[in-house]
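With mmCIF, C-alpha atoms inside, this is data.cif:
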data_query
#
loop_
_atom_site.label_atom_id
_atom_site.label_comp_id
_atom_site.auth_asym_id
_atom_site.auth_seq_id
_atom_site.Cartn_x
_atom_site.Cartn_y
_atom_site.Cartn_z
CA MET H 107 133.66 131.13 113.40
CA ALA H 108 134.11 128.63 110.63
CA ILE H 109 132.54 127.66 107.36
CA ILE H 110 131.44 124.08 107.60
CA ARG H 111 130.50 121.81 104.73
CA LYS H 112 129.93 118.24 105.82
CA ARG H 113 130.50 115.22 103.66
CA LYS H 114 127.24 113.43 103.00
CA GLY H 115 127.23 109.69 102.66
CA ASN H 116 130.17 107.39 102.08
CA PHE H 117 132.60 106.92 99.24
CA LEU H 118 134.20 103.66 98.13
CA GLU H 119 137.18 103.95 100.46
CA HIS H 120 134.89 104.33 103.50
CA PHE H 121 133.27 100.89 103.27
CA THR H 122 134.54 97.98 105.38
CA VAL H 123 133.35 94.43 104.81
CA GLY H 124 131.42 93.20 107.83
CA HIS H 125 130.32 96.68 108.94
CA VAL H 126 126.62 97.09 109.74
CA PHE H 127 124.96 100.43 109.09
CA GLN H 128 121.93 101.11 111.26
CA HIS H 129 120.40 103.63 108.91
CA LYS H 130 119.27 106.89 110.41
CA VAL H 131 115.77 108.26 110.88
CA GLY H 132 113.43 105.35 109.99
CA LYS H 133 110.11 105.84 108.26
CA THR H 134 106.51 105.56 109.37
CA ILE H 135 104.17 104.70 106.51
CA THR H 136 101.66 107.50 106.87
CA GLU H 137 98.35 107.58 105.09
CA GLY H 138 99.72 110.52 103.09
CA LEU H 139 102.67 108.53 101.78
CA PHE H 140 100.47 105.52 101.08
CA ASN H 141 97.96 107.63 99.15
CA ALA H 142 100.57 109.55 97.20
CA PHE H 143 102.23 106.35 96.07
CA THR H 144 99.27 104.14 95.36
CA GLY H 145 97.68 107.05 93.52
CA TRP H 146 100.65 107.19 91.21
CA ASP H 147 102.12 103.71 90.79
CA MET H 148 99.25 102.26 88.72
CA THR H 149 98.78 99.26 90.98
CA ALA H 150 95.39 97.59 90.50
CA ASN H 151 95.38 94.89 93.17
CA PRO H 152 92.42 95.52 95.53
CA LEU H 153 94.63 94.57 98.51
CA HIS H 154 96.05 98.09 98.13
CA LYS H 155 92.79 99.84 97.28
CA ASN H 156 89.88 98.15 99.01
CA GLN H 157 89.95 97.64 102.76
CA ARG H 158 87.00 95.25 102.75
CA TYR H 159 88.79 92.98 100.27
CA ALA H 160 92.10 93.18 102.16
CA THR H 161 90.54 92.24 105.51
CA ARG H 162 88.52 89.47 103.88
CA TYR H 163 91.82 87.87 102.87
CA GLY H 164 93.15 87.96 106.40
CA PHE H 165 95.10 91.20 106.28
CA ARG H 166 94.79 93.77 109.06
CA GLY H 167 93.98 96.60 106.65
CA LEU H 168 95.05 98.03 103.31
CA VAL H 169 98.33 96.35 102.37
CA VAL H 170 101.31 98.49 101.37
CA PRO H 171 102.20 97.32 97.84
CA PRO H 172 105.52 95.52 97.31
CA GLY H 173 106.96 98.36 95.25
CA LEU H 174 106.39 100.85 98.06
CA VAL H 175 107.87 98.48 100.66
CA MET H 176 110.92 98.14 98.43
CA ASN H 177 111.12 101.91 97.88
CA VAL H 178 110.91 102.78 101.57
CA VAL H 179 113.51 100.20 102.63
CA PHE H 180 115.84 101.05 99.77
CA SER H 181 115.60 104.81 100.29
CA GLN H 182 116.45 104.48 103.99
CA SER H 183 119.76 102.91 102.91
CA VAL H 184 120.66 105.56 100.35
CA GLU H 185 122.49 108.07 102.53
CA ASP H 186 124.91 105.49 103.94
CA ILE H 187 125.28 103.25 100.89
CA SER H 188 124.60 105.10 97.66
CA GLU H 189 124.49 108.85 98.23
CA ASN H 190 127.70 108.95 96.20
CA ALA H 191 126.83 106.25 93.71
CA ARG H 192 127.03 106.47 89.94
CA ALA H 193 124.74 103.55 89.16
CA ASN H 194 122.72 100.90 90.93
CA LEU H 195 123.82 97.61 89.36
CA GLU H 196 121.80 94.71 90.71
CA TYR H 197 119.22 93.52 93.20
CA ILE H 198 119.68 89.95 94.45
CA ASN H 199 117.32 87.64 96.34
CA MET H 200 114.81 90.32 97.38
CA ARG H 201 112.39 88.53 99.73
CA PHE H 202 109.20 89.80 101.33
CA GLY H 203 108.21 88.92 104.90
CA ALA H 204 105.53 90.45 107.09
CA PRO H 205 102.91 92.53 105.28
CA VAL H 206 103.23 96.28 105.82
CA TYR H 207 100.29 98.48 106.81
CA VAL H 208 99.61 102.18 107.13
CA GLY H 209 100.94 103.23 110.53
CA ASP H 210 103.81 100.74 110.53
CA THR H 211 107.31 102.06 111.15
CA ILE H 212 110.14 100.65 109.08
CA GLU H 213 113.74 100.72 110.27
CA VAL H 214 116.54 99.50 108.08
CA SER H 215 120.08 98.18 108.41
CA SER H 216 122.70 97.14 105.86
CA LEU H 217 125.63 94.75 106.18
CA VAL H 218 128.58 95.38 103.88
CA LEU H 219 129.29 92.10 102.06
CA GLY H 220 131.86 93.23 99.54
CA VAL H 221 134.01 96.05 98.22
CA ARG H 222 135.70 95.83 94.84
CA PRO H 223 137.63 98.62 93.13
CA SER H 224 137.10 98.92 89.39
CA SER H 225 139.93 97.47 87.36
CA ARG H 226 139.34 99.91 84.51
CA GLU H 227 138.21 103.11 86.23
CA PRO H 228 140.41 104.17 89.14
CA ASP H 229 137.83 106.59 90.53
CA ARG H 230 135.08 104.10 91.38
CA GLY H 231 134.19 100.57 92.43
CA VAL H 232 131.39 98.28 93.50
CA VAL H 233 129.88 97.97 96.96
CA HIS H 234 127.83 94.85 97.77
CA VAL H 235 125.42 95.07 100.71
CA GLN H 236 122.68 93.07 102.35
CA THR H 237 119.85 95.40 103.37
CA THR H 238 117.04 94.41 105.73
CA GLY H 239 113.94 96.36 106.76
CA ARG H 240 112.00 95.54 109.93
CA ASN H 241 108.70 96.75 111.32
CA GLN H 242 108.00 98.00 114.85
CA ASP H 243 107.64 94.42 116.09
CA GLY H 244 111.05 93.43 114.73
CA GLU H 245 109.57 91.32 111.93
CA VAL H 246 111.50 91.38 108.66
CA VAL H 247 109.38 93.02 105.94
CA LEU H 248 112.03 92.91 103.22
CA THR H 249 115.60 91.69 102.84
CA TYR H 250 117.82 91.75 99.77
CA GLU H 251 121.33 92.19 98.49
CA ARG H 252 122.33 94.87 96.07
CA LYS H 253 125.42 95.88 94.17
CA VAL H 254 126.03 99.53 93.51
CA GLN H 255 128.79 101.45 91.75
CA VAL H 256 130.17 104.08 94.11
CA TRP H 257 132.65 106.91 93.51
CA LYS H 258 135.87 107.29 95.44
CA GLU H 259 136.23 110.55 97.30
CA ASP H 260 139.96 110.56 96.57
CA PRO H 261 140.61 108.93 93.17
CA GLN H 262 144.08 107.96 94.44
CA ALA H 263 142.75 106.20 97.53
CA GLU H 264 143.82 102.59 97.76
CA VAL H 265 140.93 100.18 98.09
CA ARG H 266 141.47 96.47 98.55
CA GLU H 267 138.99 93.96 97.24
CA ALA H 268 137.27 92.03 100.03
CA SER H 269 134.09 90.06 100.49
CA MET H 270 132.17 87.79 102.83
CA PRO H 271 129.30 85.35 102.24
CA ALA H 272 125.80 86.70 102.83
CA PRO H 273 124.35 85.42 106.11
CA GLU H 274 120.88 83.92 106.02
CA VAL H 275 118.30 86.47 107.18
CA PRO H 276 115.15 84.82 108.58
CA CYS H 277 112.32 86.18 106.44
CA THR H 278 108.94 84.48 106.38
CA LEU H 279 106.17 85.57 104.07
CA LEU H 280 103.14 86.06 106.31
CA LEU H 281 99.69 85.58 104.80
CA GLY H 282 96.26 85.20 106.32
CA PRO H 283 95.19 81.54 106.66
CA TYR H 284 93.20 79.93 103.88
CA ASP H 285 89.49 80.10 104.56
CA PRO H 286 87.53 77.66 102.39
CA GLY H 287 84.41 79.80 102.76
CA ARG H 288 86.09 82.89 101.36
CA ARG H 289 85.51 84.03 97.82
CA MET S 129 86.79 92.80 92.55
CA THR S 130 89.46 91.32 90.29
CA ASN S 131 89.85 90.38 86.63
CA PRO S 132 88.34 87.00 85.74
CA ASP S 133 91.34 85.95 83.64
CA THR S 134 94.24 86.44 86.05
CA TYR S 135 93.87 83.38 88.25
CA PHE S 136 96.76 80.93 88.49
CA GLU S 137 95.10 78.56 86.02
CA ASP S 138 95.01 81.28 83.36
CA PHE S 139 98.77 81.56 82.86
CA GLN S 140 100.73 79.51 80.33
CA PRO S 141 104.50 79.18 80.60
CA GLY S 142 106.10 80.69 77.52
CA ASP S 143 103.49 83.42 77.13
CA ILE S 144 104.62 87.01 77.02
CA ILE S 145 102.06 89.57 78.14
CA GLU S 146 102.61 93.07 76.81
CA HIS S 147 100.93 95.29 79.38
CA SER S 148 98.58 97.66 77.65
CA ARG S 149 99.20 100.87 79.51
CA GLY S 150 102.16 103.21 79.64
CA ARG S 151 103.02 105.97 82.07
CA VAL S 152 105.18 109.03 81.50
CA VAL S 153 107.65 109.93 84.23
CA THR S 154 107.61 113.68 84.70
CA ALA S 155 109.57 115.97 87.01
CA GLU S 156 107.34 114.41 89.68
CA HIS S 157 110.15 111.88 90.12
CA ILE S 158 112.01 114.48 92.18
CA ALA S 159 109.06 114.87 94.57
CA LEU S 160 108.57 111.12 94.80
CA ALA S 161 112.23 110.50 95.68
CA ALA S 162 112.03 113.28 98.27
CA MET S 163 108.85 111.84 99.75
CA LEU S 164 110.71 108.57 100.29
CA ASP S 165 113.64 110.38 101.96
CA ASN S 166 115.90 109.29 99.11
CA THR S 167 118.78 111.76 99.40
CA SER S 168 120.83 110.83 96.36
CA GLN S 169 121.91 113.97 94.54
CA VAL S 170 121.93 112.46 91.04
CA HIS S 171 118.12 112.57 91.14
CA CYS S 172 117.69 116.18 92.25
CA ASN S 173 120.82 118.37 92.13
CA GLN S 174 120.73 119.97 88.68
CA HIS S 175 123.68 122.27 89.36
CA MET S 176 125.90 119.32 90.28
CA ILE S 177 125.08 117.68 86.93
CA ASP S 178 125.57 120.92 84.99
CA GLN S 179 129.07 121.37 86.39
CA SER S 180 130.34 118.10 84.91
CA PRO S 181 127.65 116.45 82.80
CA GLU S 182 130.15 113.99 81.27
CA LYS S 183 130.51 112.38 84.68
CA TYR S 184 126.83 111.45 84.93
CA ILE S 185 124.76 108.96 82.96
CA GLY S 186 122.96 110.84 80.20
CA GLY S 187 124.40 114.15 81.40
CA GLN S 188 121.14 114.95 83.17
CA LEU S 189 119.20 114.15 86.31
CA ILE S 190 118.51 110.42 86.31
CA VAL S 191 115.23 109.12 87.66
CA TYR S 192 115.63 107.17 90.92
CA GLY S 193 115.47 103.48 89.97
CA GLY S 194 112.72 102.73 92.48
CA ILE S 195 110.36 104.79 90.30
CA PRO S 196 110.54 102.63 87.15
CA PHE S 197 110.78 99.56 89.42
CA ASN S 198 107.47 100.51 91.04
CA LEU S 199 105.87 101.62 87.76
CA CYS S 200 106.67 98.31 86.06
CA LEU S 201 105.05 96.45 88.96
CA GLY S 202 102.00 98.71 88.65
CA LEU S 203 101.73 98.53 84.86
CA SER S 204 101.84 94.72 85.07
CA CYS S 205 99.38 94.53 87.94
CA PRO S 206 96.03 94.25 86.13
CA ASP S 207 97.39 91.46 83.89
CA VAL S 208 99.41 89.32 86.30
CA ALA S 209 99.07 90.46 89.90
CA ASP S 210 95.55 91.65 90.68
CA ASN S 211 94.69 88.16 91.92
CA ALA S 212 97.99 87.85 93.78
CA LEU S 213 98.10 87.77 97.57
CA ALA S 214 101.80 88.66 97.69
CA ASP S 215 105.02 89.12 95.80
CA VAL S 216 107.26 86.45 97.31
CA VAL S 217 110.78 86.96 96.01
CA TYR S 218 112.69 88.78 93.29
CA PRO S 219 115.74 86.53 92.72
CA THR S 220 117.48 89.15 90.60
CA GLY S 221 116.80 92.58 89.15
CA ARG S 222 118.70 95.19 87.16
CA HIS S 223 118.20 98.64 85.76
CA THR S 224 119.21 97.85 82.20
CA GLY S 225 118.84 101.41 80.93
CA PRO S 226 118.39 104.89 82.39
CA VAL S 227 115.05 106.66 82.72
CA PHE S 228 114.85 110.42 82.42
CA ALA S 229 111.99 112.86 82.94
CA GLY S 230 109.84 112.75 79.82
CA ASP S 231 110.29 109.02 79.19
CA THR S 232 107.14 106.90 79.05
CA VAL S 233 107.60 103.54 80.74
CA PHE S 234 105.96 100.35 79.45
CA ALA S 235 106.23 96.82 80.80
CA SER S 236 105.86 93.21 79.76
CA THR S 237 105.76 89.94 81.69
CA GLU S 238 107.10 86.60 80.50
CA ILE S 239 105.50 83.60 82.20
CA VAL S 240 108.40 81.25 82.90
CA ASP S 241 106.97 78.53 85.11
CA LYS S 242 104.16 77.60 87.46
CA GLN S 243 104.77 75.82 90.75
CA ASP S 244 102.75 74.70 93.76
CA PHE S 245 102.93 77.02 96.73
CA ALA S 246 104.12 75.00 99.72
CA GLY S 247 101.41 74.55 102.33
CA ARG S 248 98.82 76.57 100.40
CA PRO S 249 96.74 74.52 97.94
CA ASP S 250 94.64 77.65 97.29
CA LEU S 251 97.64 79.48 95.81
CA GLY S 252 100.17 78.88 93.09
CA LEU S 253 103.62 80.32 92.59
CA LEU S 254 103.93 82.14 89.29
CA ILE S 255 107.53 82.45 88.07
CA THR S 256 107.85 85.47 85.80
CA ARG S 257 110.28 87.87 84.20
CA LEU S 258 109.13 91.48 84.31
CA ARG S 259 110.72 93.84 81.83
CA GLY S 260 110.39 97.60 81.52
CA HIS S 261 111.08 99.55 78.38
CA LYS S 262 110.80 102.95 76.81
CA PHE S 263 110.87 104.26 73.26
CA VAL S 264 113.70 106.52 72.18
CA LYS S 265 113.35 108.61 69.04
CA LYS S 266 115.89 107.54 66.44
CA ASP S 267 115.87 109.26 63.05
CA SER S 268 112.21 109.25 62.06
CA SER S 269 111.11 106.28 64.15
CA PHE S 270 111.26 104.99 67.70
CA GLU S 271 113.65 102.44 69.10
CA LYS S 272 112.51 100.21 71.95
CA VAL S 273 115.02 100.33 74.79
CA GLU S 274 114.89 98.05 77.82
CA VAL S 275 115.21 99.91 81.12
CA PHE S 276 114.40 97.28 83.74
CA TYR S 277 114.59 93.52 84.27
CA LEU S 278 113.20 91.66 87.27
CA GLU S 279 112.76 87.98 88.02
CA ARG S 280 109.58 87.90 90.00
CA HIS S 281 107.78 85.10 91.88
CA ILE S 282 104.16 85.88 92.74
CA ALA S 283 101.67 84.01 94.97
CA VAL S 284 98.48 83.94 92.89
CA LYS S 285 95.00 82.75 93.84
CA ARG S 286 93.69 79.61 92.12
CA ARG S 287 90.35 79.83 90.39
CA SER S 288 89.54 76.38 91.79
CA HIS S 289 89.51 77.85 95.30
CA TYR S 290 88.39 81.44 94.83
CA ALA S 291 86.39 82.17 91.71
CA CYS S 292 82.64 82.38 92.18
#

Take the structure in the file and give it back as structure tokens.
Amino acid sequence: MAIIRKRKGNFLEHFTVGHVFQHKVGKTITEGLFNAFTGWDMTANPLHKNQRYATRYGFRGLVVPPGLVMNVVFSQSVEDISENARANLEYINMRFGAPVYVGDTIEVSSLVLGVRPSSREPDRGVVHVQTTGRNQDGEVVLTYERKVQVWKEDPQAEVREASMPAPEVPCTLLLGPYDPGRR
Amino acid sequence: MTNPDTYFEDFQPGDIIEHSRGRVVTAEHIALAAMLDNTSQVHCNQHMIDQSPEKYIGGQLIVYGGIPFNLCLGLSCPDVADNALADVVYPTGRHTGPVFAGDTVFASTEIVDKQDFAGRPDLGLLITRLRGHKFVKKDSSFEKVEVFYLERHIAVKRRSHYAC
């Protein structure tokens, strides 16, 4: 018999440059999630509202708006990367690839590109990651870097600054072909 | 189906479009973060904040950044993105100020440049800066505070190819 209280997420001293997190769980974009978000986020592009319009422009169905793609991919990375963050500092080079549809399943991984302890505050530092979301066919739907300020678990823990260059992630924006007869 | 004045030809570099609508963020932000499986405690664990409020920005639950990010995209949509076929790339973005429940988010878009879209003569690439802001009560008036900054490249339909 024991009382167990597990640590959730990682703190600054737990990140190693070059490590790849295959984030747990994954996320299927259900109609419920799509409706809840597009009913709230004030988007007005008919690609996200009008199936006839979306298919006329070469999409398979209603298109998941970019903000929801970003939110799903980002949130999948939170437990491993920023559960113990103080502040999200920067998004870098966020690129969109394959369009996302209701019914698609998004799975996400993050490569640790850098760890830098704060020079002023001994209890925190910055983690730099490259996060990539893929659909069920392995196509990249979104890839980006972000920098986030993360707490140390032990304020006395020694953390060495380290970094690596971001590898190029193949990410091609996929659109329906241009149809001169389409209006 | 779309506004007649948001085709690629309609945008002038240098213009700043102040998007007309605003949207309050309520305690719904907790449900939205949960719906996305965002587990970060700074958005939903009130007791954790109450124990050491000085440790946390604003000393209260902070709204998950993806919420104002998404709202700014949505608020800007009818003015700059309803004739878009895709958002292409966000070269950089930052949360320049915190958002808390009760804040009303507004957005503006600066048109920076217009470029051809490689391989697609029917589209143009609109280079923009999207900013989010809120108003904070100061003495007897309101101070405008920036909360979000995003460089945003959008693939927008050309009137020459699409307008009836």

Which residue is closest to chain H? Choose from S:Leu199, S:Val233, S:Val275, S:Ile239 and count all atoms listed in the file.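 Ranking S:Leu199, S:Val233, S:Val275, S:Ile239 by distance to chain H, first place goes to S:Leu199.
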
Could you please select, counting all atoms listed in the file, the residues of chain H within 9 Å of chain S and state them as a count of residues only? 53

Which residues, named as in the file, does the PyMOL selection byres ((chain H and resi 123) around 10) pick out? Answer as number ranges by chain. H: 121-122, 124-126, 217-221, 233-235, 267-270

Give as an MDAnalysis selection string the residues that the PyMOL selection byres ((chain H and resi 275) around 10) matches when applied to the coordinates above. chainID H and resid 201 236:238 246 248:250 272:274 276:278

Leaving out Gly252 (chain S) and any residue of its chain fewer than 5 positions from it, which residues lie within 8 Å of it when counting all atoms listed in the file, given as an mmCIF file with C-alpha atoms, in the coordinates of the input?
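And here is the file that came out, result.cif:
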data_model
loop_
_atom_site.group_PDB
_atom_site.id
_atom_site.type_symbol
_atom_site.label_atom_id
_atom_site.label_comp_id
_atom_site.auth_asym_id
_atom_site.auth_seq_id
_atom_site.Cartn_x
_atom_site.Cartn_y
_atom_site.Cartn_z
ATOM 1 C CA PHE S 136 96.760 80.930 88.490
ATOM 2 C CA LYS S 242 104.160 77.600 87.460
ATOM 3 C CA GLN S 243 104.770 75.820 90.750
ATOM 4 C CA ASP S 244 102.750 74.700 93.760
ATOM 5 C CA PHE S 245 102.930 77.020 96.730
ATOM 6 C CA ALA S 283 101.670 84.010 94.970
ATOM 7 C CA VAL S 284 98.480 83.940 92.890
ATOM 8 C CA LYS S 285 95.000 82.750 93.840
ATOM 9 C CA ARG S 286 93.690 79.610 92.120
#

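One distance worth recording is that between CA of Lys262 (chain S) and CA of His157 (chain S), which is 16.0 Å.
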
Selected residue, from H:Asp186, H:Gly287, H:Pro228, H:Met107, that lies nearest to Pro261 (chain H) when counting all atoms listed in the file: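 For Pro261 (chain H), the nearest of the given residues is H:Pro228.
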
May I ask you to restore N, CA and C atoms in region 199-225 of chain S and write the result as a PDB file, in the frame of the given file?
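Just written: rebuild-v1.pdb:
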ATOM      1  N   LEU S 199     106.791 101.448  88.896  1.00  0.00           N
ATOM      2  CA  LEU S 199     105.870 101.620  87.760  1.00  0.00           C
ATOM      3  C   LEU S 199     105.695 100.315  86.989  1.00  0.00           C
ATOM      4  N   CYS S 200     106.781  99.577  86.793  1.00  0.00           N
ATOM      5  CA  CYS S 200     106.670  98.310  86.060  1.00  0.00           C
ATOM      6  C   CYS S 200     105.782  97.339  86.826  1.00  0.00           C
ATOM      7  N   LEU S 201     105.939  97.299  88.155  1.00  0.00           N
ATOM      8  CA  LEU S 201     105.050  96.450  88.960  1.00  0.00           C
ATOM      9  C   LEU S 201     103.599  96.883  88.757  1.00  0.00           C
ATOM     10  N   GLY S 202     103.369  98.200  88.778  1.00  0.00           N
ATOM     11  CA  GLY S 202     102.000  98.710  88.650  1.00  0.00           C
ATOM     12  C   GLY S 202     101.412  98.475  87.275  1.00  0.00           C
ATOM     13  N   LEU S 203     102.218  98.714  86.236  1.00  0.00           N
ATOM     14  CA  LEU S 203     101.730  98.530  84.860  1.00  0.00           C
ATOM     15  C   LEU S 203     101.366  97.062  84.609  1.00  0.00           C
ATOM     16  N   SER S 204     102.093  96.153  85.273  1.00  0.00           N
ATOM     17  CA  SER S 204     101.840  94.720  85.070  1.00  0.00           C
ATOM     18  C   SER S 204     100.677  94.227  85.914  1.00  0.00           C
ATOM     19  N   CYS S 205     100.297  95.006  86.903  1.00  0.00           N
ATOM     20  CA  CYS S 205      99.380  94.530  87.940  1.00  0.00           C
ATOM     21  C   CYS S 205      98.046  94.003  87.395  1.00  0.00           C
ATOM     22  N   PRO S 206      97.340  94.754  86.540  1.00  0.00           N
ATOM     23  CA  PRO S 206      96.030  94.250  86.130  1.00  0.00           C
ATOM     24  C   PRO S 206      96.115  92.951  85.327  1.00  0.00           C
ATOM     25  N   ASP S 207      97.264  92.656  84.722  1.00  0.00           N
ATOM     26  CA  ASP S 207      97.390  91.460  83.890  1.00  0.00           C
ATOM     27  C   ASP S 207      97.955  90.250  84.629  1.00  0.00           C
ATOM     28  N   VAL S 208      98.778  90.480  85.643  1.00  0.00           N
ATOM     29  CA  VAL S 208      99.410  89.320  86.300  1.00  0.00           C
ATOM     30  C   VAL S 208      99.318  89.320  87.813  1.00  0.00           C
ATOM     31  N   ALA S 209      98.940  90.422  88.430  1.00  0.00           N
ATOM     32  CA  ALA S 209      99.070  90.460  89.900  1.00  0.00           C
ATOM     33  C   ALA S 209      97.827  90.949  90.622  1.00  0.00           C
ATOM     34  N   ASP S 210      96.695  91.153  89.916  1.00  0.00           N
ATOM     35  CA  ASP S 210      95.550  91.650  90.680  1.00  0.00           C
ATOM     36  C   ASP S 210      94.883  90.536  91.470  1.00  0.00           C
ATOM     37  N   ASN S 211      95.165  89.277  91.116  1.00  0.00           N
ATOM     38  CA  ASN S 211      94.690  88.160  91.920  1.00  0.00           C
ATOM     39  C   ASN S 211      95.810  87.554  92.770  1.00  0.00           C
ATOM     40  N   ALA S 212      96.894  88.312  92.922  1.00  0.00           N
ATOM     41  CA  ALA S 212      97.990  87.850  93.780  1.00  0.00           C
ATOM     42  C   ALA S 212      97.683  88.212  95.230  1.00  0.00           C
ATOM     43  N   LEU S 213      98.168  87.398  96.155  1.00  0.00           N
ATOM     44  CA  LEU S 213      98.100  87.770  97.570  1.00  0.00           C
ATOM     45  C   LEU S 213      99.433  88.341  98.055  1.00  0.00           C
ATOM     46  N   ALA S 214     100.511  88.094  97.302  1.00  0.00           N
ATOM     47  CA  ALA S 214     101.800  88.660  97.690  1.00  0.00           C
ATOM     48  C   ALA S 214     102.820  88.466  96.576  1.00  0.00           C
ATOM     49  N   ASP S 215     103.780  89.383  96.517  1.00  0.00           N
ATOM     50  CA  ASP S 215     105.020  89.120  95.800  1.00  0.00           C
ATOM     51  C   ASP S 215     105.927  88.403  96.791  1.00  0.00           C
ATOM     52  N   VAL S 216     106.528  87.306  96.375  1.00  0.00           N
ATOM     53  CA  VAL S 216     107.260  86.450  97.310  1.00  0.00           C
ATOM     54  C   VAL S 216     108.741  86.772  97.295  1.00  0.00           C
ATOM     55  N   VAL S 217     109.328  86.726  96.113  1.00  0.00           N
ATOM     56  CA  VAL S 217     110.780  86.960  96.010  1.00  0.00           C
ATOM     57  C   VAL S 217     111.102  87.480  94.617  1.00  0.00           C
ATOM     58  N   TYR S 218     112.111  88.354  94.563  1.00  0.00           N
ATOM     59  CA  TYR S 218     112.690  88.780  93.290  1.00  0.00           C
ATOM     60  C   TYR S 218     114.125  88.252  93.285  1.00  0.00           C
ATOM     61  N   PRO S 219     114.381  87.098  92.652  1.00  0.00           N
ATOM     62  CA  PRO S 219     115.740  86.530  92.720  1.00  0.00           C
ATOM     63  C   PRO S 219     116.812  87.464  92.175  1.00  0.00           C
ATOM     64  N   THR S 220     116.495  88.182  91.093  1.00  0.00           N
ATOM     65  CA  THR S 220     117.480  89.150  90.600  1.00  0.00           C
ATOM     66  C   THR S 220     116.760  90.273  89.866  1.00  0.00           C
ATOM     67  N   GLY S 221     117.363  91.431  89.858  1.00  0.00           N
ATOM     68  CA  GLY S 221     116.800  92.580  89.150  1.00  0.00           C
ATOM     69  C   GLY S 221     117.895  93.554  88.765  1.00  0.00           C
ATOM     70  N   ARG S 222     117.703  94.223  87.632  1.00  0.00           N
ATOM     71  CA  ARG S 222     118.700  95.190  87.160  1.00  0.00           C
ATOM     72  C   ARG S 222     118.032  96.352  86.448  1.00  0.00           C
ATOM     73  N   HIS S 223     118.615  97.520  86.583  1.00  0.00           N
ATOM     74  CA  HIS S 223     118.200  98.640  85.760  1.00  0.00           C
ATOM     75  C   HIS S 223     119.047  98.586  84.490  1.00  0.00           C
ATOM     76  N   THR S 224     118.444  98.127  83.412  1.00  0.00           N
ATOM     77  CA  THR S 224     119.210  97.850  82.200  1.00  0.00           C
ATOM     78  C   THR S 224     119.363  99.087  81.321  1.00  0.00           C
ATOM     79  N   GLY S 225     118.686 100.161  81.664  1.00  0.00           N
ATOM     80  CA  GLY S 225     118.840 101.410  80.930  1.00  0.00           C
ATOM     81  C   GLY S 225     118.334 102.546  81.799  1.00  0.00           C
TER      82      GLY S 225
END
